[in-house]
file protein_2.csv (CSV, C-alpha atoms)
chain,number,residue,atom,x,y,z
A,1,MET,CA,0.0,0.0,0.0
A,2,GLY,CA,1.3,3.4,-0.9
A,3,THR,CA,1.2,6.4,1.4
A,4,ARG,CA,2.8,9.8,1.7
A,5,PRO,CA,5.7,9.9,4.1
A,6,SER,CA,4.6,12.8,6.2
A,7,PRO,CA,4.2,12.1,10.0
A,8,MET,CA,0.4,12.7,9.7
A,9,ALA,CA,0.1,10.3,6.7
A,10,MET,CA,2.2,7.7,8.5
A,11,GLU,CA,0.0,7.9,11.6
A,12,GLN,CA,-3.2,7.3,9.7
A,13,THR,CA,-1.5,4.6,7.7
A,14,SER,CA,-0.4,2.9,11.0
A,15,ARG,CA,-4.0,2.9,12.3
A,16,PHE,CA,-5.2,1.4,9.0
A,17,GLU,CA,-2.4,-1.2,9.1
A,18,THR,CA,-3.4,-2.3,12.6
A,19,ALA,CA,-7.0,-2.8,11.5
A,20,PHE,CA,-6.1,-4.5,8.3
A,21,ARG,CA,-3.7,-7.0,10.0
A,22,SER,CA,-6.3,-7.8,12.6
A,23,LEU,CA,-8.8,-8.6,9.9
A,24,HIS,CA,-6.4,-10.4,7.5
A,25,PRO,CA,-3.5,-11.8,9.6
A,26,HIS,CA,-2.5,-14.1,6.8
A,27,ILE,CA,-1.9,-11.2,4.3
A,28,ASP,CA,1.5,-9.7,4.0
A,29,LEU,CA,0.9,-5.9,4.0
A,30,LYS,CA,3.8,-3.8,2.9
A,31,ILE,CA,3.9,0.0,3.2
A,32,PHE,CA,5.4,1.9,0.3
A,33,ARG,CA,6.2,5.6,0.9
A,34,ILE,CA,5.5,7.8,-2.1
A,35,THR,CA,6.7,11.5,-2.0
A,36,SER,CA,4.1,13.6,-3.8
A,37,GLN,CA,4.8,16.6,-6.0
A,38,GLY,CA,2.9,18.7,-3.3
A,39,ASP,CA,5.4,17.5,-0.7
A,40,GLN,CA,8.4,18.6,-2.7
A,41,HIS,CA,7.1,21.8,-4.3
A,42,ARG,CA,7.3,25.0,-2.1
A,43,GLY,CA,5.6,27.4,-4.5
A,44,PRO,CA,1.8,27.7,-5.3
A,45,LEU,CA,0.2,24.4,-6.1
A,46,ALA,CA,-1.2,25.9,-9.3
A,47,GLU,CA,2.3,25.8,-10.7
A,48,ILE,CA,2.3,22.0,-10.6
A,49,GLY,CA,-1.3,21.2,-11.6
A,50,GLY,CA,-3.1,22.2,-8.4
A,51,LYS,CA,-5.6,19.7,-7.3
A,52,GLY,CA,-3.6,16.5,-8.1
A,53,ALA,CA,-0.4,17.6,-6.5
A,54,PHE,CA,-0.8,15.3,-3.5
A,55,THR,CA,-2.2,12.3,-5.4
A,56,ARG,CA,-0.8,12.2,-8.9
A,57,ARG,CA,2.3,10.1,-8.1
A,58,ALA,CA,0.3,7.7,-5.9
A,59,ASP,CA,-2.2,7.3,-8.7
A,60,GLU,CA,0.6,6.5,-11.1
A,61,HIS,CA,2.0,3.8,-8.7
A,62,LEU,CA,-1.5,2.4,-8.3
A,63,LEU,CA,-2.3,2.3,-12.0
A,64,ASP,CA,1.0,0.7,-13.1
A,65,GLY,CA,0.8,-2.0,-10.5
A,66,ARG,CA,3.6,-0.9,-8.2
A,67,VAL,CA,1.1,-0.8,-5.3
A,68,GLU,CA,-2.4,-2.4,-4.9
A,69,ALA,CA,-3.8,0.4,-2.7
A,70,THR,CA,-3.2,3.9,-1.6
A,71,ILE,CA,-4.4,5.9,1.5
A,72,ALA,CA,-5.2,9.6,1.7
A,73,CYS,CA,-7.3,12.2,3.4
A,74,ALA,CA,-10.5,12.5,1.4
A,75,LYS,CA,-10.4,16.3,1.4
A,76,ASP,CA,-7.1,16.1,-0.5
A,77,ILE,CA,-8.4,13.9,-3.3
A,78,PRO,CA,-9.3,15.7,-6.6
A,79,GLY,CA,-12.7,15.3,-8.1
A,80,PRO,CA,-13.2,12.6,-10.7
A,81,HIS,CA,-12.9,15.1,-13.6
A,82,ASP,CA,-9.3,15.8,-12.4
A,83,ARG,CA,-8.1,12.2,-12.1
A,84,ALA,CA,-7.0,9.4,-14.3
A,85,PRO,CA,-9.9,6.8,-14.7
A,86,GLY,CA,-9.7,3.4,-13.2
A,87,ILE,CA,-9.4,4.2,-9.5
A,88,THR,CA,-12.1,3.6,-6.9
A,89,VAL,CA,-12.6,3.9,-3.2
A,90,GLY,CA,-12.2,0.5,-1.5
A,91,ALA,CA,-12.5,1.4,2.2
A,92,VAL,CA,-13.7,4.5,4.2
A,93,LEU,CA,-12.6,4.8,7.8
A,94,PRO,CA,-14.8,6.3,10.5
A,95,ARG,CA,-15.1,10.1,10.2
A,96,GLU,CA,-13.0,12.1,12.7
A,97,ASP,CA,-13.5,15.7,13.8
A,98,VAL,CA,-14.3,18.0,10.8
A,99,ARG,CA,-13.4,21.3,12.6
A,100,ASP,CA,-10.7,23.7,11.8
A,101,VAL,CA,-8.6,25.5,14.5
A,102,LEU,CA,-6.6,28.6,15.0
A,103,VAL,CA,-3.0,27.9,15.9
A,104,LEU,CA,-0.6,30.5,17.4
A,105,PRO,CA,3.2,30.4,17.8
A,106,VAL,CA,4.3,28.4,20.8
A,107,GLY,CA,4.3,30.5,24.0
A,108,ARG,CA,1.7,33.1,22.8
A,109,PRO,CA,-1.3,33.7,25.1
A,110,PRO,CA,-4.6,32.2,23.8
A,111,ALA,CA,-6.5,34.3,21.3
A,112,THR,CA,-9.4,34.0,18.9
A,113,LEU,CA,-9.9,35.3,15.4
A,114,ASP,CA,-12.1,38.0,16.8
A,115,THR,CA,-9.5,39.2,19.3
A,116,LEU,CA,-6.4,39.2,17.0
A,117,PRO,CA,-5.2,42.7,16.1
A,118,PRO,CA,-6.2,44.0,12.7
A,119,GLY,CA,-3.7,43.2,10.0
A,120,THR,CA,-2.7,39.9,11.6
A,121,ARG,CA,-1.4,37.6,8.9
A,122,ILE,CA,-3.2,34.2,9.0
A,123,GLY,CA,-1.5,31.4,7.1
A,124,THR,CA,-3.5,28.9,5.0
A,125,SER,CA,-3.1,27.1,1.7
A,126,ALA,CA,-6.9,26.5,1.2
A,127,PRO,CA,-9.0,28.9,-0.9
A,128,ARG,CA,-12.0,27.9,1.3
A,129,ARG,CA,-10.3,29.1,4.5
A,130,ALA,CA,-9.0,32.3,2.8
A,131,ALA,CA,-12.5,33.1,1.6
A,132,LEU,CA,-14.0,32.5,5.0
A,133,LEU,CA,-11.4,34.8,6.6
A,134,LYS,CA,-12.2,37.5,4.1
A,135,ALA,CA,-16.0,37.1,4.7
A,136,LEU,CA,-16.0,36.6,8.5
A,137,HIS,CA,-12.9,38.4,9.6
A,138,PRO,CA,-12.0,41.1,7.0
A,139,GLN,CA,-9.6,42.8,9.5
A,140,LEU,CA,-7.3,39.8,9.2
A,141,ILE,CA,-5.0,39.0,6.2
A,142,PRO,CA,-4.9,35.5,4.7
A,143,VAL,CA,-1.4,34.6,3.4
A,144,PRO,CA,-0.5,31.4,1.5
A,145,ILE,CA,1.7,28.9,3.2
A,146,ARG,CA,3.0,25.5,2.1
A,147,GLY,CA,4.4,22.3,3.7
A,148,ASN,CA,3.1,19.4,5.7
A,149,ALA,CA,1.4,20.2,9.0
A,150,ASP,CA,4.4,19.4,11.2
A,151,THR,CA,6.7,21.6,9.1
A,152,ARG,CA,4.2,24.4,9.1
A,153,MET,CA,4.0,24.2,12.9
A,154,ASN,CA,7.8,24.3,13.2
A,155,ALA,CA,8.0,27.3,10.8
A,156,LEU,CA,5.2,29.1,12.8
A,157,ASP,CA,7.1,28.6,16.1
A,158,THR,CA,10.4,29.7,14.7
A,159,GLY,CA,9.0,32.8,12.9
A,160,THR,CA,9.8,31.5,9.4
A,161,LEU,CA,6.3,30.8,8.2
A,162,GLY,CA,5.6,34.2,6.8
A,163,ALA,CA,2.4,34.4,8.9
A,164,ASP,CA,1.6,35.4,12.5
A,165,ALA,CA,-0.8,32.5,13.0
A,166,MET,CA,-2.4,29.8,10.9
A,167,ILE,CA,-5.5,27.7,10.4
A,168,ALA,CA,-5.2,23.9,10.6
A,169,ALA,CA,-7.4,20.8,10.8
A,170,LEU,CA,-8.1,19.6,14.3
A,171,ALA,CA,-8.1,16.0,13.1
A,172,GLY,CA,-4.7,16.4,11.7
A,173,LEU,CA,-3.3,18.0,14.9
A,174,ARG,CA,-4.8,15.1,16.9
A,175,ARG,CA,-3.0,12.6,14.6
A,176,LEU,CA,0.3,14.4,15.4
A,177,GLY,CA,-0.5,14.6,19.2
A,178,LEU,CA,-0.6,18.4,18.9
A,179,ALA,CA,-4.3,19.1,19.6
A,180,ASP,CA,-3.3,21.2,22.6
A,181,ARG,CA,-1.9,23.8,20.2
A,182,ALA,CA,-5.4,24.8,19.2
A,183,SER,CA,-6.0,28.3,20.5
A,184,GLN,CA,-9.6,28.4,19.1
A,185,ILE,CA,-11.7,25.5,17.8
A,186,LEU,CA,-13.9,27.1,15.1
A,187,ASP,CA,-17.6,26.5,15.0
A,188,PRO,CA,-18.3,24.3,11.9
A,189,THR,CA,-21.8,25.9,11.4
A,190,VAL,CA,-20.0,29.2,10.8
A,191,TRP,CA,-16.5,28.2,9.8
A,192,LEU,CA,-17.6,25.7,7.2
A,193,PRO,CA,-15.7,22.4,6.8
A,194,ALA,CA,-14.2,21.0,3.6
A,195,ALA,CA,-15.8,18.2,1.7
A,196,GLY,CA,-14.4,15.0,3.0
A,197,ALA,CA,-13.0,16.6,6.1
A,198,GLY,CA,-11.9,14.1,8.8
A,199,ILE,CA,-12.3,11.1,6.5
A,200,VAL,CA,-9.5,8.7,5.5
A,201,VAL,CA,-10.0,6.6,2.4
A,202,ILE,CA,-8.1,3.7,0.8
A,203,GLU,CA,-8.3,3.4,-2.9
A,204,HIS,CA,-7.5,0.6,-5.4
A,205,ARG,CA,-7.7,-0.1,-9.1
A,206,ALA,CA,-11.3,-0.5,-10.3
A,207,ASP,CA,-10.4,-3.8,-12.1
A,208,ASP,CA,-8.9,-5.4,-8.9
A,209,PRO,CA,-11.6,-7.5,-7.3
A,210,THR,CA,-9.2,-9.2,-4.9
A,211,THR,CA,-8.1,-6.0,-3.2
A,212,SER,CA,-11.7,-4.8,-3.3
A,213,ARG,CA,-12.8,-7.8,-1.3
A,214,LEU,CA,-10.0,-7.4,1.3
A,215,LEU,CA,-10.7,-3.7,1.8
A,216,ALA,CA,-14.5,-3.7,1.8
A,217,PRO,CA,-15.0,-5.1,5.4
A,218,LEU,CA,-13.0,-2.1,6.8
A,219,THR,CA,-15.5,0.4,5.5
A,220,HIS,CA,-17.6,2.4,8.0
A,221,SER,CA,-20.9,2.4,6.3
A,222,GLN,CA,-22.3,5.6,7.7
A,223,THR,CA,-19.1,7.5,6.8
A,224,ARG,CA,-19.3,6.1,3.3
A,225,VAL,CA,-22.8,7.6,2.9
A,226,LEU,CA,-21.5,11.0,4.0
A,227,LEU,CA,-18.4,10.8,1.7
A,228,ASP,CA,-20.4,9.8,-1.3
A,229,ALA,CA,-22.9,12.6,-0.9
A,230,GLU,CA,-20.1,15.2,-0.3
A,231,ARG,CA,-18.0,14.0,-3.2
A,232,ALA,CA,-21.0,14.0,-5.6
A,233,ALA,CA,-21.8,17.6,-4.8
A,234,LEU,CA,-18.1,18.6,-5.3
A,235,ALA,CA,-18.1,16.7,-8.6
A,236,ALA,CA,-21.2,18.5,-9.8
A,237,LEU,CA,-19.4,21.7,-9.1
A,238,ARG,CA,-16.3,20.4,-10.9
A,239,GLY,CA,-14.4,21.3,-7.7
A,240,GLY,CA,-11.6,19.8,-5.7
A,241,CYS,CA,-9.3,20.3,-2.7
A,242,LEU,CA,-8.4,23.8,-4.0
A,243,THR,CA,-12.0,25.0,-4.5
A,244,ALA,CA,-13.5,27.8,-2.4
A,245,ALA,CA,-16.5,25.7,-1.4
A,246,SER,CA,-17.8,23.7,1.6
A,247,VAL,CA,-19.9,20.5,1.4
A,248,HIS,CA,-20.9,18.8,4.6
A,249,ALA,CA,-23.4,15.9,4.9
A,250,THR,CA,-25.3,14.6,7.9
A,251,LEU,CA,-27.0,11.3,8.3
A,252,ASP,CA,-30.4,10.6,10.0
A,253,GLU,CA,-30.1,6.9,10.5
A,254,GLU,CA,-33.6,6.6,12.1
A,255,HIS,CA,-35.3,8.1,9.0
A,256,GLU,CA,-32.7,6.8,6.5
A,257,CYS,CA,-32.1,10.3,5.3
A,258,VAL,CA,-29.0,12.2,4.2
A,259,THR,CA,-28.8,16.0,4.2
A,260,VAL,CA,-26.2,17.9,2.3
A,261,TYR,CA,-25.2,21.5,3.2
A,262,ALA,CA,-23.3,23.0,0.3
A,263,VAL,CA,-21.8,26.5,0.0
A,264,VAL,CA,-19.8,28.1,-2.7
A,265,LEU,CA,-17.7,31.0,-1.2
A,266,ASN,CA,-16.8,34.3,-2.8
A,267,PRO,CA,-13.0,34.5,-3.1
A,268,ASP,CA,-13.2,38.2,-2.5
A,269,GLY,CA,-15.2,37.8,0.7
A,270,GLY,CA,-18.6,38.7,-0.5
A,271,ALA,CA,-21.9,36.8,0.1
A,272,PRO,CA,-21.7,33.0,-0.5
A,273,LEU,CA,-24.2,30.9,-2.3
A,274,ARG,CA,-25.9,28.2,-0.1
A,275,THR,CA,-28.2,25.3,-0.5
A,276,VAL,CA,-29.5,22.5,1.7
A,277,THR,CA,-30.8,19.3,0.1
A,278,SER,CA,-32.1,16.1,1.7
A,279,GLY,CA,-33.0,12.7,0.3
A,280,PRO,CA,-32.8,9.0,0.8
A,281,ALA,CA,-29.6,7.6,2.4
A,282,ALA,CA,-29.7,4.8,-0.1
A,283,ASP,CA,-28.9,7.4,-2.8
A,284,PRO,CA,-26.3,9.7,-1.3
A,285,ARG,CA,-24.7,10.4,-4.7
A,286,GLY,CA,-28.0,11.6,-6.1
A,287,VAL,CA,-28.6,13.9,-3.1
A,288,GLY,CA,-25.1,15.3,-3.4
A,289,ARG,CA,-25.4,15.8,-7.1
A,290,ARG,CA,-28.7,17.7,-6.7
A,291,ALA,CA,-27.0,20.0,-4.2
A,292,GLY,CA,-24.2,20.8,-6.6
A,293,GLU,CA,-26.6,21.4,-9.4
A,294,GLN,CA,-28.7,23.8,-7.4
A,295,LEU,CA,-25.7,25.9,-6.6
A,296,LEU,CA,-24.7,25.9,-10.3
A,297,ASP,CA,-28.3,27.1,-11.2
A,298,ALA,CA,-27.9,29.8,-8.6
A,299,GLY,CA,-24.7,31.1,-10.3
A,300,ALA,CA,-21.9,29.2,-8.5
A,301,ALA,CA,-19.9,28.8,-11.7
A,302,ARG,CA,-19.1,32.5,-11.8
A,303,LEU,CA,-17.6,32.3,-8.2
A,304,LEU,CA,-15.7,29.1,-9.0
A,305,GLY,CA,-14.4,30.4,-12.3
A,306,VAL,CA,-15.6,27.2,-14.1
A,307,ARG,CA,-18.1,26.5,-16.9
A,308,PRO,CA,-21.3,25.0,-15.6

call {"tool": "encode", "arguments": {"input": "protein_2.csv", "output": "structure tokens"}}
result
Amino acid sequence: MGTRPSPMAMEQTSRFETAFRSLHPHIDLKIFRITSQGDQHRGPLAEIGGKGAFTRRADEHLLDGRVEATIACAKDIPGPHDRAPGITVGAVLPREDVRDVLVLPVGRPPATLDTLPPGTRIGTSAPRRAALLKALHPQLIPVPIRGNADTRMNALDTGTLGADAMIAALAGLRRLGLADRASQILDPTVWLPAAGAGIVVIEHRADDPTTSRLLAPLTHSQTRVLLDAERAALAALRGGCLTAASVHATLDEEHECVTVYAVVLNPDGGAPLRTVTSGPAADPRGVGRRAGEQLLDAGAARLLGVRP
């Protein structure tokens, strides 16, 4: 199985490895570290193809048979329109925390986005977060940053990040044992989460039924419903991990209903476009697709800079 070599990726890989070996003790699982273009490149991701920067090399290893499976955070996976065909999700692990957090340099007293001085530079590589900052906290300045979570934290603490504070995923900090660095946990009903936030997926070749059978029992069915709904909405918007949009699904198991909250943000900080769509949990992709189409009908393509 292929994985990125970052400490966060290796932690989630280790958790999957434990679960896999418990289920299949007779299978020899080997972990192959694949350094992505996104890990190596220090400039804007758009310079190296944007959305596929963290998955392109892993996809190549998968499709040419060097590995049978790959593991990644769902929010980092491009939409189907931005990927080579022939790759499918084989397992979806239980969803973790979807919330983002404010992180300050070590030793700084706690603060919130509301209490930071005007002009404070907030580091983020995500257009979604930058748009939310402009809309909700226009007194603060979003600045682009790069690197894995641990290297960004080190750069923040040593004053070399180019930002006074940064936004990070709480789930990622927990994987690194750094959750105590969160100065403020942001309300997900206001600070909207990314599609696929907190979800780890394992993918394989679509024409590989053996790996499919091995991975399928590891899937958390409720999380799979949420992921399928969110990814379908993102696909309808032709979006990906670098899209200024939020898609978040919830599941009502009692009534077998999935609800998709989808928002396309204005990169300049203006009013966003929102929709809420509900439907049968048996058809999460259909519900998600309708949510995305409703946003396109409302003019989302203009904000996203794509053709509807």

call {"tool": "atom_distance", "arguments": {"input": "protein_2.csv", "atom1": "atom CA of Thr35 of chain A", "atom2": "atom CA of Pro7 of chain A"}}
result
12.3 Å

call {"tool": "residues_around", "arguments": {"input": "protein_2.csv", "residues": "Leu234 of chain A", "least_positions_apart": "3", "cutoff": "9 Å", "atoms": "all atoms listed in the file", "output": "compact mmCIF listing (two decimals) with C-alpha atoms, in the coordinates of the input"}}
result
# COMPACT_ATOMS: atom_id res chain seq x y z
CA GLY A 79 -12.70 15.30 -8.10
CA ALA A 195 -15.80 18.20 1.70
CA ALA A 229 -22.90 12.60 -0.90
CA GLU A 230 -20.10 15.20 -0.30
CA ARG A 231 -18.00 14.00 -3.20
CA LEU A 237 -19.40 21.70 -9.10
CA ARG A 238 -16.30 20.40 -10.90
CA GLY A 239 -14.40 21.30 -7.70
CA GLY A 240 -11.60 19.80 -5.70
CA THR A 243 -12.00 25.00 -4.50
CA ALA A 245 -16.50 25.70 -1.40
CA SER A 246 -17.80 23.70 1.60
CA VAL A 247 -19.90 20.50 1.40
CA ALA A 262 -23.30 23.00 0.30
CA GLY A 288 -25.10 15.30 -3.40
CA ARG A 289 -25.40 15.80 -7.10
CA GLY A 292 -24.20 20.80 -6.60

call {"tool": "closest_residue", "arguments": {"input": "protein_2.csv", "among": "A:Ala216, A:Met153, A:Ala206, A:Leu186", "to": "Val106 of chain A", "atoms": "all atoms listed in the file"}}
result
A:Met153

call {"tool": "residues_around", "arguments": {"input": "protein_2.csv", "residues": "Ala135 of chain A", "least_positions_apart": "5", "cutoff": "12 Å", "atoms": "all atoms listed in the file", "output": "mmCIF file with C-alpha atoms, in the coordinates of the input"}}
result
data_model
loop_
_atom_site.group_PDB
_atom_site.id
_atom_site.type_symbol
_atom_site.label_atom_id
_atom_site.label_comp_id
_atom_site.auth_asym_id
_atom_site.auth_seq_id
_atom_site.Cartn_x
_atom_site.Cartn_y
_atom_site.Cartn_z
ATOM 1 C CA ARG A 128 -12.000 27.900 1.300
ATOM 2 C CA ARG A 129 -10.300 29.100 4.500
ATOM 3 C CA ALA A 130 -9.000 32.300 2.800
ATOM 4 C CA LEU A 140 -7.300 39.800 9.200
ATOM 5 C CA ILE A 141 -5.000 39.000 6.200
ATOM 6 C CA PRO A 142 -4.900 35.500 4.700
ATOM 7 C CA VAL A 190 -20.000 29.200 10.800
ATOM 8 C CA TRP A 191 -16.500 28.200 9.800
ATOM 9 C CA LEU A 192 -17.600 25.700 7.200
ATOM 10 C CA ALA A 244 -13.500 27.800 -2.400
ATOM 11 C CA LEU A 265 -17.700 31.000 -1.200
ATOM 12 C CA ASN A 266 -16.800 34.300 -2.800
ATOM 13 C CA PRO A 267 -13.000 34.500 -3.100
ATOM 14 C CA ASP A 268 -13.200 38.200 -2.500
ATOM 15 C CA GLY A 269 -15.200 37.800 0.700
ATOM 16 C CA GLY A 270 -18.600 38.700 -0.500
ATOM 17 C CA ALA A 271 -21.900 36.800 0.100
ATOM 18 C CA PRO A 272 -21.700 33.000 -0.500
#

call {"tool": "atom_distance", "arguments": {"input": "protein_2.csv", "atom1": "atom CA of Gly123 of chain A", "atom2": "atom CA of Met166 of chain A"}}
result
4.2 Å

call {"tool": "residues_around", "arguments": {"input": "protein_2.csv", "residues": "Thr250 of chain A", "least_positions_apart": "6", "cutoff": "8 Å", "atoms": "all atoms listed in the file", "output": "list in words"}}
result
Leu226, Val258, Thr259 and Val260 of chain A

call {"tool": "atom_distance", "arguments": {"input": "protein_2.csv", "atom1": "atom CA of Ala72 of chain A", "atom2": "atom CA of Arg56 of chain A"}}
result
11.8 Å

call {"tool": "closest_residue", "arguments": {"input": "protein_2.csv", "among": "A:Arg290, A:Arg108, A:Arg21, A:Arg174", "to": "Leu218 of chain A", "atoms": "only C-alpha atoms"}}
result
A:Arg21

call {"tool": "residues_near_point", "arguments": {"input": "protein_2.csv", "point": "(-3.1, 29.7, 22.2)", "cutoff": "10 Å", "atoms": "only C-alpha atoms", "output": "ChimeraX atom specification"}}
result
/A:102-112,165,180-184

call {"tool": "closest_residue", "arguments": {"input": "protein_2.csv", "among": "A:Leu132, A:Leu214, A:Ala194, A:Ala291", "to": "Ser278 of chain A", "atoms": "only C-alpha atoms"}}
result
A:Ala291

call {"tool": "closest_residue", "arguments": {"input": "protein_2.csv", "among": "A:Ile122, A:Leu242, A:Ile31, A:Ile202", "to": "Thr219 of chain A", "atoms": "only C-alpha atoms"}}
result
A:Ile202

call {"tool": "closest_residue", "arguments": {"input": "protein_2.csv", "among": "A:Thr120, A:Pro144, A:Ile77, A:Leu136", "to": "Asp164 of chain A", "atoms": "only C-alpha atoms"}}
result
A:Thr120

call {"tool": "residues_around", "arguments": {"input": "protein_2.csv", "residues": "Phe32 of chain A", "least_positions_apart": "6", "cutoff": "9 Å", "atoms": "all atoms listed in the file", "output": "number ranges by chain"}}
result
A: 1-5, 67

call {"tool": "write_last_selection", "arguments": {"input": "protein_2.csv", "atoms": "C-alpha atoms", "output": "short mmCIF file (atom, residue, chain, number, x, y, z; two decimals), keeping the file's coordinate frame"}}
result
data_model
loop_
_atom_site.label_atom_id
_atom_site.label_comp_id
_atom_site.auth_asym_id
_atom_site.auth_seq_id
_atom_site.Cartn_x
_atom_site.Cartn_y
_atom_site.Cartn_z
CA MET A 1 0.00 0.00 0.00
CA GLY A 2 1.30 3.40 -0.90
CA THR A 3 1.20 6.40 1.40
CA ARG A 4 2.80 9.80 1.70
CA PRO A 5 5.70 9.90 4.10
CA VAL A 67 1.10 -0.80 -5.30
#

call {"tool": "closest_residue", "arguments": {"input": "protein_2.csv", "among": "A:Val264, A:Val287, A:Leu113, A:Ala74", "to": "Val98 of chain A", "atoms": "all atoms listed in the file"}}
result
A:Ala74
